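What follows is start17.tsv (TSV, C-alpha atoms).
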chain	number	residue	atom	x	y	z
A	205	MET	CA	17.42	38.92	17.30
A	206	ILE	CA	15.04	40.29	14.64
A	207	SER	CA	17.92	41.16	12.29
A	208	TYR	CA	19.32	37.65	12.78
A	209	VAL	CA	16.02	36.02	11.85
A	210	GLN	CA	15.66	38.30	8.84
A	211	SER	CA	19.08	37.21	7.65
A	212	LEU	CA	17.74	33.68	7.50
A	213	SER	CA	15.19	34.50	4.79
A	214	PRO	CA	17.15	32.87	1.93
A	215	ARG	CA	17.17	29.56	3.77
A	216	GLY	CA	15.34	26.79	1.98
A	217	GLU	CA	15.00	28.77	-1.27
A	218	VAL	CA	16.30	26.93	-4.33
A	219	PRO	CA	16.21	28.78	-7.67
A	220	LEU	CA	14.54	26.54	-10.24
A	221	SER	CA	14.20	26.71	-13.98
A	222	ASP	CA	10.79	26.22	-15.56
A	223	SER	CA	11.67	22.67	-16.63
A	224	GLN	CA	12.87	21.78	-13.14
A	225	ARG	CA	9.70	23.18	-11.62
A	226	GLN	CA	7.55	21.21	-14.05
A	227	THR	CA	9.50	18.03	-13.29
A	228	LEU	CA	9.12	18.64	-9.58
A	229	ALA	CA	5.38	19.15	-9.93
A	230	ALA	CA	4.98	16.03	-12.07
A	231	VAL	CA	7.00	13.83	-9.72
A	232	THR	CA	5.28	15.00	-6.51
A	233	ARG	CA	1.83	14.60	-8.05
A	234	ALA	CA	2.65	11.13	-9.32
A	235	ALA	CA	3.83	10.18	-5.82
A	236	SER	CA	0.68	11.77	-4.38
A	237	THR	CA	-1.41	9.61	-6.69
A	238	LEU	CA	0.28	6.51	-5.29
A	239	SER	CA	-0.51	7.76	-1.79
A	240	ALA	CA	-4.13	8.31	-2.75
A	241	ILE	CA	-4.28	4.71	-3.98
A	242	GLY	CA	-2.73	3.58	-0.69
A	243	VAL	CA	-5.32	5.50	1.34
A	244	LEU	CA	-8.21	4.11	-0.70
A	245	THR	CA	-6.77	0.61	-0.39
A	246	ILE	CA	-6.65	0.85	3.41
A	247	ILE	CA	-10.21	2.14	3.69
A	248	THR	CA	-11.63	-0.35	1.17
A	249	THR	CA	-9.81	-3.34	2.64
A	250	PHE	CA	-10.88	-2.47	6.17
A	251	CYS	CA	-14.52	-2.19	5.11
A	252	LEU	CA	-14.61	-5.39	3.04
A	253	SER	CA	-12.42	-7.81	5.01
A	254	ARG	CA	-13.03	-8.85	8.61
A	255	HIS	CA	-9.44	-9.97	8.84
A	256	PHE	CA	-8.27	-6.34	8.87
A	257	ARG	CA	-10.13	-5.30	12.01
A	258	ASN	CA	-7.75	-5.56	14.96
A	259	PRO	CA	-6.76	-2.44	16.97
A	260	MET	CA	-3.63	-1.83	14.89
A	261	HIS	CA	-5.68	-1.92	11.70
A	262	ARG	CA	-8.17	0.51	13.21
A	263	ILE	CA	-5.41	2.99	14.04
A	264	ILE	CA	-4.10	2.70	10.49
A	265	LEU	CA	-7.63	3.30	9.18
A	266	ILE	CA	-8.02	6.46	11.28
A	267	ASN	CA	-4.63	7.67	10.13
A	268	ALA	CA	-5.68	7.02	6.52
A	269	PHE	CA	-8.23	9.83	6.76
A	270	TYR	CA	-5.49	12.16	7.97
A	271	ASN	CA	-3.32	10.93	5.10
A	272	ALA	CA	-6.12	11.85	2.69
A	273	PHE	CA	-5.74	15.52	3.61
A	274	ASP	CA	-1.98	15.13	3.36
A	275	VAL	CA	-2.47	13.86	-0.22
A	276	VAL	CA	-4.50	16.99	-1.03
A	277	CYS	CA	-1.59	19.08	0.25
A	278	THR	CA	1.08	17.33	-1.80
A	279	MET	CA	-1.16	17.16	-4.89
A	280	ILE	CA	-1.29	20.97	-4.93
A	281	SER	CA	2.49	20.77	-5.23
A	282	VAL	CA	4.15	23.97	-6.51
A	283	SER	CA	0.84	25.62	-7.43
A	284	GLY	CA	0.51	27.17	-3.98
A	285	TYR	CA	4.01	28.61	-4.20
A	286	GLU	CA	3.33	30.02	-7.67
A	287	ARG	CA	0.11	31.74	-6.56
A	288	GLY	CA	1.99	33.80	-3.96
A	289	ASN	CA	2.27	33.79	-0.18
A	290	LYS	CA	-0.98	35.65	0.47
A	291	SER	CA	-3.09	33.59	-1.88
A	292	ALA	CA	-5.84	31.42	-0.41
A	293	LEU	CA	-4.34	28.33	-2.06
A	294	CYS	CA	-0.92	28.92	-0.50
A	295	GLN	CA	-2.42	29.54	2.93
A	296	PHE	CA	-4.61	26.45	2.65
A	297	GLN	CA	-1.66	24.31	1.61
A	298	GLY	CA	0.44	25.71	4.44
A	299	PHE	CA	-2.27	24.78	6.94
A	300	LEU	CA	-2.47	21.22	5.57
A	301	ASN	CA	1.31	20.92	5.50
A	302	GLN	CA	1.57	21.95	9.13
A	303	MET	CA	-1.18	19.76	10.54
A	304	PHE	CA	-1.29	16.42	8.79
A	305	PRO	CA	2.37	15.33	8.43
A	306	VAL	CA	2.75	15.89	12.17
A	307	ALA	CA	-0.45	13.91	12.78
A	308	ASP	CA	0.96	11.03	10.72
A	309	VAL	CA	4.02	10.87	12.97
A	310	LEU	CA	1.86	11.01	16.10
A	311	TRP	CA	-0.30	8.11	14.89
A	312	THR	CA	2.85	6.07	14.39
A	313	LEU	CA	3.82	6.95	17.96
A	314	VAL	CA	0.36	5.81	19.10
A	315	MET	CA	0.97	2.41	17.50
A	316	ALA	CA	4.23	2.12	19.45
A	317	VAL	CA	2.38	3.09	22.64
A	318	ASP	CA	-0.17	0.34	21.98
A	319	VAL	CA	2.60	-2.22	21.48
A	320	TYR	CA	4.14	-1.07	24.75
A	321	LEU	CA	0.79	-1.40	26.55
A	322	ILE	CA	0.31	-4.89	25.10
A	323	VAL	CA	3.73	-6.11	26.17
A	324	PHE	CA	4.10	-4.46	29.57
A	325	HIS	CA	0.53	-3.90	30.77
A	326	CYS	CA	-1.36	-6.81	29.19
A	327	TYR	CA	-3.90	-4.64	27.36
A	328	ASP	CA	-6.50	-6.56	25.36
A	329	THR	CA	-8.38	-5.39	22.27
A	330	ARG	CA	-11.17	-3.81	24.29
A	331	GLY	CA	-8.71	-1.82	26.36
A	332	LEU	CA	-6.92	-0.61	23.25
A	333	ARG	CA	-10.16	0.41	21.55
A	334	ARG	CA	-11.20	2.44	24.56
A	335	LEU	CA	-8.08	4.55	24.00
A	336	GLU	CA	-8.79	5.30	20.34
A	337	TRP	CA	-11.11	8.26	20.87
A	338	LYS	CA	-8.63	9.75	23.33
A	339	TYR	CA	-5.85	9.40	20.78
A	340	MET	CA	-8.03	10.99	18.10
A	341	ILE	CA	-8.99	13.98	20.22
A	342	GLY	CA	-5.46	14.49	21.51
A	343	ILE	CA	-3.78	14.33	18.09
A	344	THR	CA	-6.40	16.49	16.39
A	345	VAL	CA	-6.24	19.20	19.05
A	346	PHE	CA	-2.44	19.12	19.23
A	347	THR	CA	-2.03	19.54	15.46
A	348	PHE	CA	-5.07	21.66	14.55
A	349	ILE	CA	-4.72	24.52	17.04
A	350	PRO	CA	-1.21	25.71	16.08
A	351	ALA	CA	-1.84	25.11	12.35
A	352	PHE	CA	-5.05	27.16	12.52
A	353	VAL	CA	-3.60	29.97	14.64
A	354	MET	CA	-0.70	30.43	12.23
A	355	LEU	CA	-3.17	31.30	9.47
A	356	PHE	CA	-3.70	34.64	11.22
A	357	ILE	CA	-0.07	35.48	12.05
A	358	GLU	CA	1.48	38.11	9.82
A	359	THR	CA	3.95	40.96	10.31
A	360	GLU	CA	5.11	43.78	8.07
A	361	ASP	CA	8.71	42.59	8.15
A	362	LYS	CA	8.17	38.88	7.57
A	363	GLY	CA	4.79	38.73	5.93
A	364	PRO	CA	2.36	35.83	6.58
A	365	MET	CA	3.63	32.89	8.56
A	366	TYR	CA	2.67	30.47	5.78
A	367	GLY	CA	4.60	31.09	2.60
A	368	GLY	CA	6.37	29.44	-0.29
A	369	VAL	CA	9.38	27.19	0.33
A	370	THR	CA	10.10	26.42	-3.33
A	371	LEU	CA	8.43	23.02	-3.28
A	372	TRP	CA	5.10	24.00	-1.70
A	373	CYS	CA	3.72	26.33	0.95
A	374	ALA	CA	4.58	25.75	4.58
A	375	ILE	CA	6.01	27.94	7.35
A	376	ALA	CA	7.86	30.61	5.38
A	377	PRO	CA	11.68	30.82	5.38
A	378	LYS	CA	11.57	34.12	7.28
A	379	TRP	CA	9.92	32.22	10.13
A	380	VAL	CA	12.50	29.44	10.02
A	381	LEU	CA	13.00	29.24	13.79
A	382	PHE	CA	9.28	28.67	14.27
A	383	ARG	CA	9.35	25.97	11.59
A	384	ILE	CA	12.05	24.13	13.48
A	385	VAL	CA	10.40	24.50	16.88
A	386	ILE	CA	6.76	23.93	15.86
A	387	TYR	CA	7.31	21.41	13.07
A	388	TYR	CA	10.54	19.45	13.30
A	389	VAL	CA	10.91	19.34	17.09
A	390	PRO	CA	7.52	17.59	17.65
A	391	ILE	CA	8.21	15.23	14.76
A	392	TRP	CA	11.66	14.12	15.89
A	393	THR	CA	10.63	14.06	19.55
A	394	SER	CA	7.86	11.64	18.60
A	395	ILE	CA	10.31	9.57	16.54
A	396	LEU	CA	12.79	9.37	19.42
A	397	ILE	CA	10.06	8.34	21.86
A	398	THR	CA	8.93	5.69	19.38
A	399	ILE	CA	12.48	4.37	19.10
A	400	ILE	CA	12.77	4.17	22.89
A	401	LEU	CA	9.46	2.30	23.17
A	402	TYR	CA	10.46	-0.25	20.53
A	403	ILE	CA	13.83	-0.74	22.21
A	404	LEU	CA	12.08	-1.43	25.53
A	405	VAL	CA	9.68	-3.84	23.81
A	406	GLY	CA	12.54	-5.60	22.03
A	407	VAL	CA	14.53	-6.02	25.23
A	408	GLU	CA	11.47	-7.37	27.04
A	409	ILE	CA	10.67	-9.83	24.27
A	410	VAL	CA	14.23	-11.15	24.24
A	411	ARG	CA	14.21	-11.38	28.04
A	412	ARG	CA	11.00	-13.40	27.98
A	413	ARG	CA	12.31	-15.63	25.27
A	414	VAL	CA	15.43	-16.40	27.30
A	415	ALA	CA	13.32	-17.03	30.39
A	416	LEU	CA	10.99	-19.32	28.48
A	417	GLN	CA	13.86	-21.23	26.94
A	418	SER	CA	15.37	-21.81	30.36
A	419	LEU	CA	12.06	-23.33	31.53
A	420	THR	CA	11.65	-25.73	28.62
A	421	ASN	CA	13.65	-28.58	27.23
A	422	ASP	CA	13.42	-27.24	23.69
A	423	SER	CA	16.73	-26.28	22.17
A	424	ILE	CA	15.14	-23.34	20.35
A	425	VAL	CA	12.21	-21.22	21.45
A	426	PRO	CA	10.74	-19.13	18.62
A	427	LEU	CA	10.67	-15.42	19.33
A	428	ASP	CA	6.94	-15.14	18.68
A	429	ASP	CA	6.17	-18.05	21.01
A	430	ALA	CA	7.85	-16.12	23.79
A	431	ILE	CA	5.30	-13.32	23.73
A	432	ILE	CA	1.98	-14.97	22.84
A	433	PRO	CA	-0.29	-15.77	25.78
A	434	ALA	CA	-0.89	-19.32	26.76
A	435	SER	CA	-4.55	-18.46	27.28
A	436	MET	CA	-5.12	-17.61	23.63
A	437	GLY	CA	-8.01	-19.79	22.54
A	438	GLU	CA	-8.78	-21.29	19.19
A	439	ASN	CA	-11.84	-19.11	18.80
A	440	ASP	CA	-9.61	-16.05	18.98
A	441	LEU	CA	-8.13	-17.06	15.67
A	442	ASN	CA	-10.98	-18.80	13.95
A	443	ASP	CA	-13.94	-16.52	14.60
A	444	HIS	CA	-13.26	-13.00	13.41
A	445	GLU	CA	-16.90	-12.15	13.72
A	446	ASN	CA	-16.31	-12.18	17.45
A	447	GLU	CA	-12.95	-10.53	17.23
A	448	HIS	CA	-13.97	-7.94	19.79
A	449	ASP	CA	-13.81	-10.74	22.33
A	450	MET	CA	-10.24	-11.54	21.45
A	451	THR	CA	-7.69	-10.95	24.14
A	452	ILE	CA	-4.04	-10.25	23.70
A	453	ASP	CA	-3.13	-10.75	27.30
A	454	ASP	CA	0.17	-10.17	26.23
A	455	ILE	CA	2.29	-10.36	26.47
A	456	LYS	CA	2.48	-13.02	29.06
A	457	PHE	CA	4.70	-15.72	27.71
A	458	PRO	CA	3.44	-19.27	28.33
A	459	LEU	CA	5.00	-20.57	31.50
A	460	PRO	CA	4.92	-24.25	32.42
A	461	PRO	CA	1.78	-25.25	34.32
A	462	PRO	CA	2.14	-25.52	38.08
A	463	PRO	CA	3.22	-28.90	39.30
A	464	GLN	CA	0.51	-31.30	40.36
A	465	HIS	CA	0.85	-32.58	43.89
A	466	VAL	CA	-0.16	-36.16	44.51
A	467	SER	CA	-0.55	-37.09	48.13
A	468	THR	CA	-0.04	-40.70	49.06
A	469	SER	CA	-0.54	-42.15	52.53
A	470	TYR	CA	0.44	-45.61	53.68
A	471	SER	CA	0.97	-47.45	56.94
A	472	VAL	CA	3.62	-49.85	58.12
A	473	SER	CA	2.51	-52.62	60.41
A	474	THR	CA	4.50	-55.06	62.44
A	475	GLY	CA	2.46	-58.04	63.37
A	476	SER	CA	-0.84	-56.77	64.60
A	477	ALA	CA	0.47	-53.45	65.83
A	478	SER	CA	0.51	-50.44	63.61
A	479	VAL	CA	3.82	-48.66	63.84
A	480	GLY	CA	2.50	-45.48	62.29
A	481	THR	CA	1.05	-43.83	59.28
A	482	TYR	CA	3.23	-41.91	56.93
A	483	SER	CA	2.20	-39.53	54.18
A	484	ALA	CA	4.31	-38.33	51.29
A	485	SER	CA	3.64	-35.56	48.79
A	486	ILE	CA	5.13	-36.22	45.38
A	487	ALA	CA	5.28	-33.30	42.98
A	488	THR	CA	4.79	-34.23	39.39
A	489	SER	CA	4.47	-32.09	36.32
A	490	ASN	CA	2.69	-32.82	33.10
A	491	TYR	CA	4.65	-30.15	31.26
A	492	ARG	CA	6.64	-32.63	29.24
A	493	ASP	CA	3.44	-34.44	28.34
A	494	GLN	CA	1.97	-31.21	27.14
A	495	ASP	CA	5.15	-30.47	25.26
A	496	ARG	CA	4.75	-33.76	23.39
A	497	ALA	CA	1.31	-32.74	22.23
A	498	PRO	CA	1.01	-31.30	18.76
A	499	ARG	CA	2.00	-27.66	18.93
A	500	THR	CA	1.74	-26.63	15.31
A	501	PRO	CA	-1.48	-24.60	15.70
A	502	LYS	CA	-0.08	-22.89	18.77
A	503	ARG	CA	3.20	-22.01	17.08
A	504	LYS	CA	1.50	-20.72	13.96
A	505	SER	CA	-1.10	-18.74	15.88
A	506	SER	CA	1.75	-17.15	17.81
A	507	ARG	CA	3.38	-16.07	14.59
A	508	TYR	CA	0.07	-14.80	13.26
A	509	LEU	CA	-0.48	-12.56	16.29
A	510	PHE	CA	3.18	-11.56	16.35
A	511	ARG	CA	2.84	-10.20	12.82
A	512	GLN	CA	-0.40	-8.38	13.62
A	513	TYR	CA	0.59	-6.69	16.85
A	514	ILE	CA	4.37	-6.35	16.72
A	515	LEU	CA	5.75	-6.46	13.19
A	516	MET	CA	3.13	-4.27	11.51
A	517	PRO	CA	3.65	-1.24	13.82
A	518	LEU	CA	7.41	-1.72	13.54
A	519	PHE	CA	7.29	-1.69	9.73
A	520	PHE	CA	5.14	1.42	9.84
A	521	PHE	CA	7.78	3.11	11.91
A	522	LEU	CA	10.57	2.09	9.51
A	523	ALA	CA	8.53	3.50	6.62
A	524	LEU	CA	8.09	6.71	8.62
A	525	LEU	CA	11.85	7.05	9.09
A	526	SER	CA	12.44	6.70	5.35
A	527	VAL	CA	9.96	9.52	4.73
A	528	TRP	CA	11.60	12.02	7.07
A	529	VAL	CA	15.29	11.52	6.29
A	530	ALA	CA	15.38	13.75	3.19
A	531	PRO	CA	13.24	16.65	4.55
A	532	SER	CA	15.18	16.76	7.81
A	533	THR	CA	18.52	16.64	5.99
A	534	ASN	CA	17.45	19.50	3.74
A	535	ARG	CA	16.22	21.61	6.65
A	536	VAL	CA	19.33	21.07	8.79
A	537	ALA	CA	21.65	21.80	5.86
A	538	ALA	CA	19.74	24.99	5.04
A	539	PHE	CA	19.82	26.08	8.67
A	540	ILE	CA	23.58	25.57	8.93
A	541	ASP	CA	24.37	27.13	5.55
A	542	PRO	CA	21.87	29.80	4.42
A	543	SER	CA	23.16	29.58	0.85
A	544	PHE	CA	22.60	25.82	0.65
A	545	GLY	CA	20.44	24.62	-2.21
A	546	SER	CA	20.26	21.20	-3.85
A	547	TYR	CA	17.76	20.34	-6.55
A	548	PRO	CA	18.29	16.54	-6.25
A	549	LEU	CA	17.70	16.77	-2.49
A	550	LEU	CA	14.63	18.92	-3.08
A	551	LEU	CA	13.37	16.29	-5.52
A	552	ALA	CA	13.92	13.63	-2.85
A	553	VAL	CA	11.99	15.76	-0.35
A	554	GLY	CA	9.08	16.08	-2.76
A	555	ILE	CA	8.97	12.36	-3.50
A	556	SER	CA	9.36	11.11	0.07
A	557	GLY	CA	6.98	13.69	1.48
A	558	SER	CA	4.32	12.70	-1.04
A	559	LEU	CA	4.56	8.95	-0.41
A	560	ARG	CA	3.35	8.75	3.19
A	561	GLY	CA	-0.02	7.29	2.29
A	562	PHE	CA	1.57	4.88	-0.19
A	563	TRP	CA	3.96	3.39	2.37
A	564	ASN	CA	1.17	3.07	4.92
A	565	GLY	CA	-1.02	1.24	2.41
A	566	LEU	CA	1.83	-1.01	1.31
A	567	VAL	CA	2.67	-2.10	4.86
A	568	PHE	CA	-1.02	-2.51	5.70
A	569	ILE	CA	-1.63	-4.87	2.77
A	570	THR	CA	1.69	-6.74	2.77
A	571	VAL	CA	1.78	-7.62	6.45
A	572	GLY	CA	-1.98	-8.17	6.49
A	573	ILE	CA	-1.90	-10.68	3.63
A	574	LYS	CA	0.95	-12.62	5.22
A	575	SER	CA	-0.97	-12.70	8.48
A	576	LEU	CA	-4.09	-13.87	6.64
A	577	ARG	CA	-2.16	-16.75	5.11
A	578	ARG	CA	-0.83	-17.67	8.53
A	579	LYS	CA	-4.35	-17.52	9.95
A	580	LYS	CA	-5.62	-19.93	7.28
A	581	GLU	CA	-2.78	-22.31	8.07
A	582	VAL	CA	-3.71	-22.15	11.74
A	583	GLU	CA	-7.35	-22.85	10.94
A	584	GLY	CA	-6.41	-25.82	8.76
A	585	ASP	CA	-4.09	-27.26	11.39
A	586	THR	CA	-6.69	-26.73	14.10
A	587	VAL	CA	-9.35	-28.57	12.10
A	588	ALA	CA	-6.92	-31.42	11.41
A	589	LEU	CA	-6.05	-31.63	15.11
A	590	ARG	CA	-9.71	-31.76	16.07
A	591	ASP	CA	-10.35	-34.54	13.56
A	592	MET	CA	-7.40	-36.49	14.91
A	593	ARG	CA	-8.70	-36.13	18.48
A	594	ARG	CA	-12.18	-37.26	17.42
A	595	ARG	CA	-10.77	-40.33	15.71
A	596	ARG	CA	-8.79	-41.17	18.83
A	597	GLU	CA	-11.83	-40.74	21.02
A	598	GLY	CA	-13.97	-42.77	18.60
A	599	GLY	CA	-11.38	-45.52	18.45

Take the structure in the file and give it back as structure tokens.
Amino acid sequence: MISYVQSLSPRGEVPLSDSQRQTLAAVTRAASTLSAIGVLTIITTFCLSRHFRNPMHRIILINAFYNAFDVVCTMISVSGYERGNKSALCQFQGFLNQMFPVADVLWTLVMAVDVYLIVFHCYDTRGLRRLEWKYMIGITVFTFIPAFVMLFIETEDKGPMYGGVTLWCAIAPKWVLFRIVIYYVPIWTSILITIILYILVGVEIVRRRVALQSLTNDSIVPLDDAIIPASMGENDLNDHENEHDMTIDDIKFPLPPPPQHVSTSYSVSTGSASVGTYSASIATSNYRDQDRAPRTPKRKSSRYLFRQYILMPLFFFLALLSVWVAPSTNRVAAFIDPSFGSYPLLLAVGISGSLRGFWNGLVFITVGIKSLRRKKEVEGDTVALRDMRRRREGG
């Protein structure tokens, strides 16, 4: 077994010329700079704008601090590798490279868990926030302990566990089996669980939409209307200073109100004698009357919340997938063929691995701004609806 592992030492090593190494360093550091900008954008936006304060935004903010350490790791780039496996810089970079990319994946999984809890267990914002410290402790312990312990693992045959892998320092090629088990298995297990959770959520949303459509006379029921609670109040959208009171009771789709029963009694008389008294219960429903009421604010608020609590975590997950395709392809190819080496693929690994913070910041801002525009539309429509009601009442 030992001789087999030793034979795997060339895996992941790509001989580079000085110009290629300089290009690799320049590209990864440029990508790391973009990630640093993304991290700063998330933190600054969260602090300055009350709009970016819901539980999903808070998870992204927490993850941004983990991404900051990830940026430090990728900014070191090939310098750790050049200093040698036993150098403090290489060991420090290896520790960062082991802990924080895995933490990034786990935070994306946490967002999927929150979406699942919203849809299937009707968690509100308070319930989700109570879970945040548990998530933080769990992810930090799960990633820190193995990354820290590996700093002290070293053998005469294989050397230190953290070593150069051409691009930067991580688990050394001689410890390739540990890299697969400790690094890639947790990452792809988390990704698969995330995929399963989003599939379950998608199926449930479609099911609710079909059920809602069958209960209404509308020809088309928007997807977001099918998952937004009927109890969502106007204050939930208009007053972000009290956002901690907002509920997502989610995701209970709005069912028609229960029918109103009107009891009517009457008597039939013949001459002066009363034949009997009869009572009838007539079930009526005001659902169609409610359906005729203006629904623009409701529809738009549904879309606003749909973007905040469903689309944003989903886009984060898609960005995560794009980040891990190249590194996983490179690792699998190197494991299958020990002599495999591709500079273009290594360049793709360096770029994608250095852009995690950038993609997170991009999704955070893009989806957030669209949601903010939708919120303003909702507020404008709500004000117009109130004015219209006041004019009717005054008239």

Task: Contact residues around segment 382-398 of chain A with all atoms listed in the file at 10 Å, ignoring same-chain residues under 2 positions, as a VMD selection string - done: chain A and resid 301 to 303 305 to 317 320 347 350 to 351 365 to 366 374 to 380 400 to 404 518 521 524 to 525 528 531 to 532 535 to 536 539

Quick one: 4 Å padding each side, axis-aligned, all listed atoms of segment 514-527 of chain A - centre and edge lengths in Å to one decimal, as AutoDock Vina command-line options?
--center_x 7.8 --center_y 1.5 --center_z 10.7 --size_x 17.3 --size_y 24.0 --size_z 20.0

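Going from atom CA of Glu408 of chain A to atom CA of Leu515 of chain A covers 15.0 Å.
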
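We find atom CA of Gly565 of chain A and atom CA of Leu335 of chain A to be spaced 23.0 Å apart.
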
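For the set A:Phe299, A:Trp372, A:Trp337, A:Phe519, the residue with the smallest atom-to-atom gap to Val282 of chain A is A:Trp372, counting only C-alpha atoms.
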
- [ ] Figure out the distance between atom CA of Thr329 of chain A and atom CA of Phe256 of chain A, please, to one decimal in Å.
- [x] 13.4 Å

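If only C-alpha atoms are the atoms counted, then among A:Val405, A:Leu265, A:Val527, A:Val353 the closest residue to Cys251 of chain A is A:Leu265.
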
- [ ] Have a look at A:Leu238, A:Val410, A:Leu551, A:Ile266 and name the one nearest to Ile343 of chain A; count all atoms listed in the file.
- [x] A:Ile266

TODO: Counting only C-alpha atoms, select every polymer residue within 10 Å of (11.7, 16.4, -8.8) as defined in the file's coordinates, and provide the selection as a ChimeraX atom specification.
DONE: /A:224-232,371,547-555

- [ ] Counting all atoms listed in the file, figure out which residue out of A:Val529, A:Ala272, A:Ile349, A:Ile247 gets nearest to Ser556 of chain A.
- [x] A:Val529

N, CA, C and O atoms of segment 373-385 of chain A, written as an mmCIF file, in the first residue's frame:
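part14.cif was written with the following content:
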data_model
loop_
_atom_site.group_PDB
_atom_site.id
_atom_site.type_symbol
_atom_site.label_atom_id
_atom_site.label_comp_id
_atom_site.auth_asym_id
_atom_site.auth_seq_id
_atom_site.Cartn_x
_atom_site.Cartn_y
_atom_site.Cartn_z
ATOM 1 N N CYS A 373 0.288 25.796 -2.491
ATOM 2 C CA CYS A 373 0.491 24.719 -1.513
ATOM 3 C C CYS A 373 -0.857 24.223 -1.002
ATOM 4 O O CYS A 373 -1.745 25.010 -0.679
ATOM 5 N N ALA A 374 -0.977 22.925 -0.965
ATOM 6 C CA ALA A 374 -2.172 22.253 -0.457
ATOM 7 C C ALA A 374 -1.700 20.898 0.070
ATOM 8 O O ALA A 374 -0.532 20.745 0.409
ATOM 9 N N ILE A 375 -2.579 19.915 0.149
ATOM 10 C CA ILE A 375 -2.138 18.576 0.519
ATOM 11 C C ILE A 375 -1.222 18.068 -0.591
ATOM 12 O O ILE A 375 -1.593 18.063 -1.761
ATOM 13 N N ALA A 376 -0.026 17.662 -0.213
ATOM 14 C CA ALA A 376 1.019 17.324 -1.178
ATOM 15 C C ALA A 376 0.628 16.125 -2.045
ATOM 16 O O ALA A 376 -0.171 15.271 -1.623
ATOM 17 N N PRO A 377 1.204 16.044 -3.264
ATOM 18 C CA PRO A 377 0.885 14.920 -4.155
ATOM 19 C C PRO A 377 1.160 13.551 -3.558
ATOM 20 O O PRO A 377 0.460 12.586 -3.869
ATOM 21 N N LYS A 378 2.160 13.446 -2.695
ATOM 22 C CA LYS A 378 2.448 12.143 -2.074
ATOM 23 C C LYS A 378 1.351 11.700 -1.113
ATOM 24 O O LYS A 378 1.289 10.530 -0.744
ATOM 25 N N TRP A 379 0.514 12.631 -0.708
ATOM 26 C CA TRP A 379 -0.620 12.333 0.170
ATOM 27 C C TRP A 379 -1.934 12.408 -0.613
ATOM 28 O O TRP A 379 -2.966 12.773 -0.078
ATOM 29 N N VAL A 380 -1.882 12.025 -1.880
ATOM 30 C CA VAL A 380 -3.006 12.263 -2.782
ATOM 31 C C VAL A 380 -4.291 11.593 -2.314
ATOM 32 O O VAL A 380 -5.390 12.147 -2.477
ATOM 33 N N LEU A 381 -4.193 10.414 -1.720
ATOM 34 C CA LEU A 381 -5.413 9.737 -1.258
ATOM 35 C C LEU A 381 -6.087 10.538 -0.145
ATOM 36 O O LEU A 381 -7.320 10.613 -0.077
ATOM 37 N N PHE A 382 -5.289 11.129 0.719
ATOM 38 C CA PHE A 382 -5.856 11.966 1.780
ATOM 39 C C PHE A 382 -6.506 13.220 1.188
ATOM 40 O O PHE A 382 -7.518 13.698 1.695
ATOM 41 N N ARG A 383 -5.889 13.764 0.137
ATOM 42 C CA ARG A 383 -6.475 14.945 -0.498
ATOM 43 C C ARG A 383 -7.849 14.634 -1.073
ATOM 44 O O ARG A 383 -8.777 15.442 -0.979
ATOM 45 N N ILE A 384 -7.983 13.467 -1.649
ATOM 46 C CA ILE A 384 -9.280 13.088 -2.214
ATOM 47 C C ILE A 384 -10.308 12.873 -1.111
ATOM 48 O O ILE A 384 -11.442 13.358 -1.181
ATOM 49 N N VAL A 385 -9.891 12.146 -0.057
ATOM 50 C CA VAL A 385 -10.839 11.795 1.008
ATOM 51 C C VAL A 385 -11.187 13.004 1.873
ATOM 52 O O VAL A 385 -12.354 13.228 2.211
#
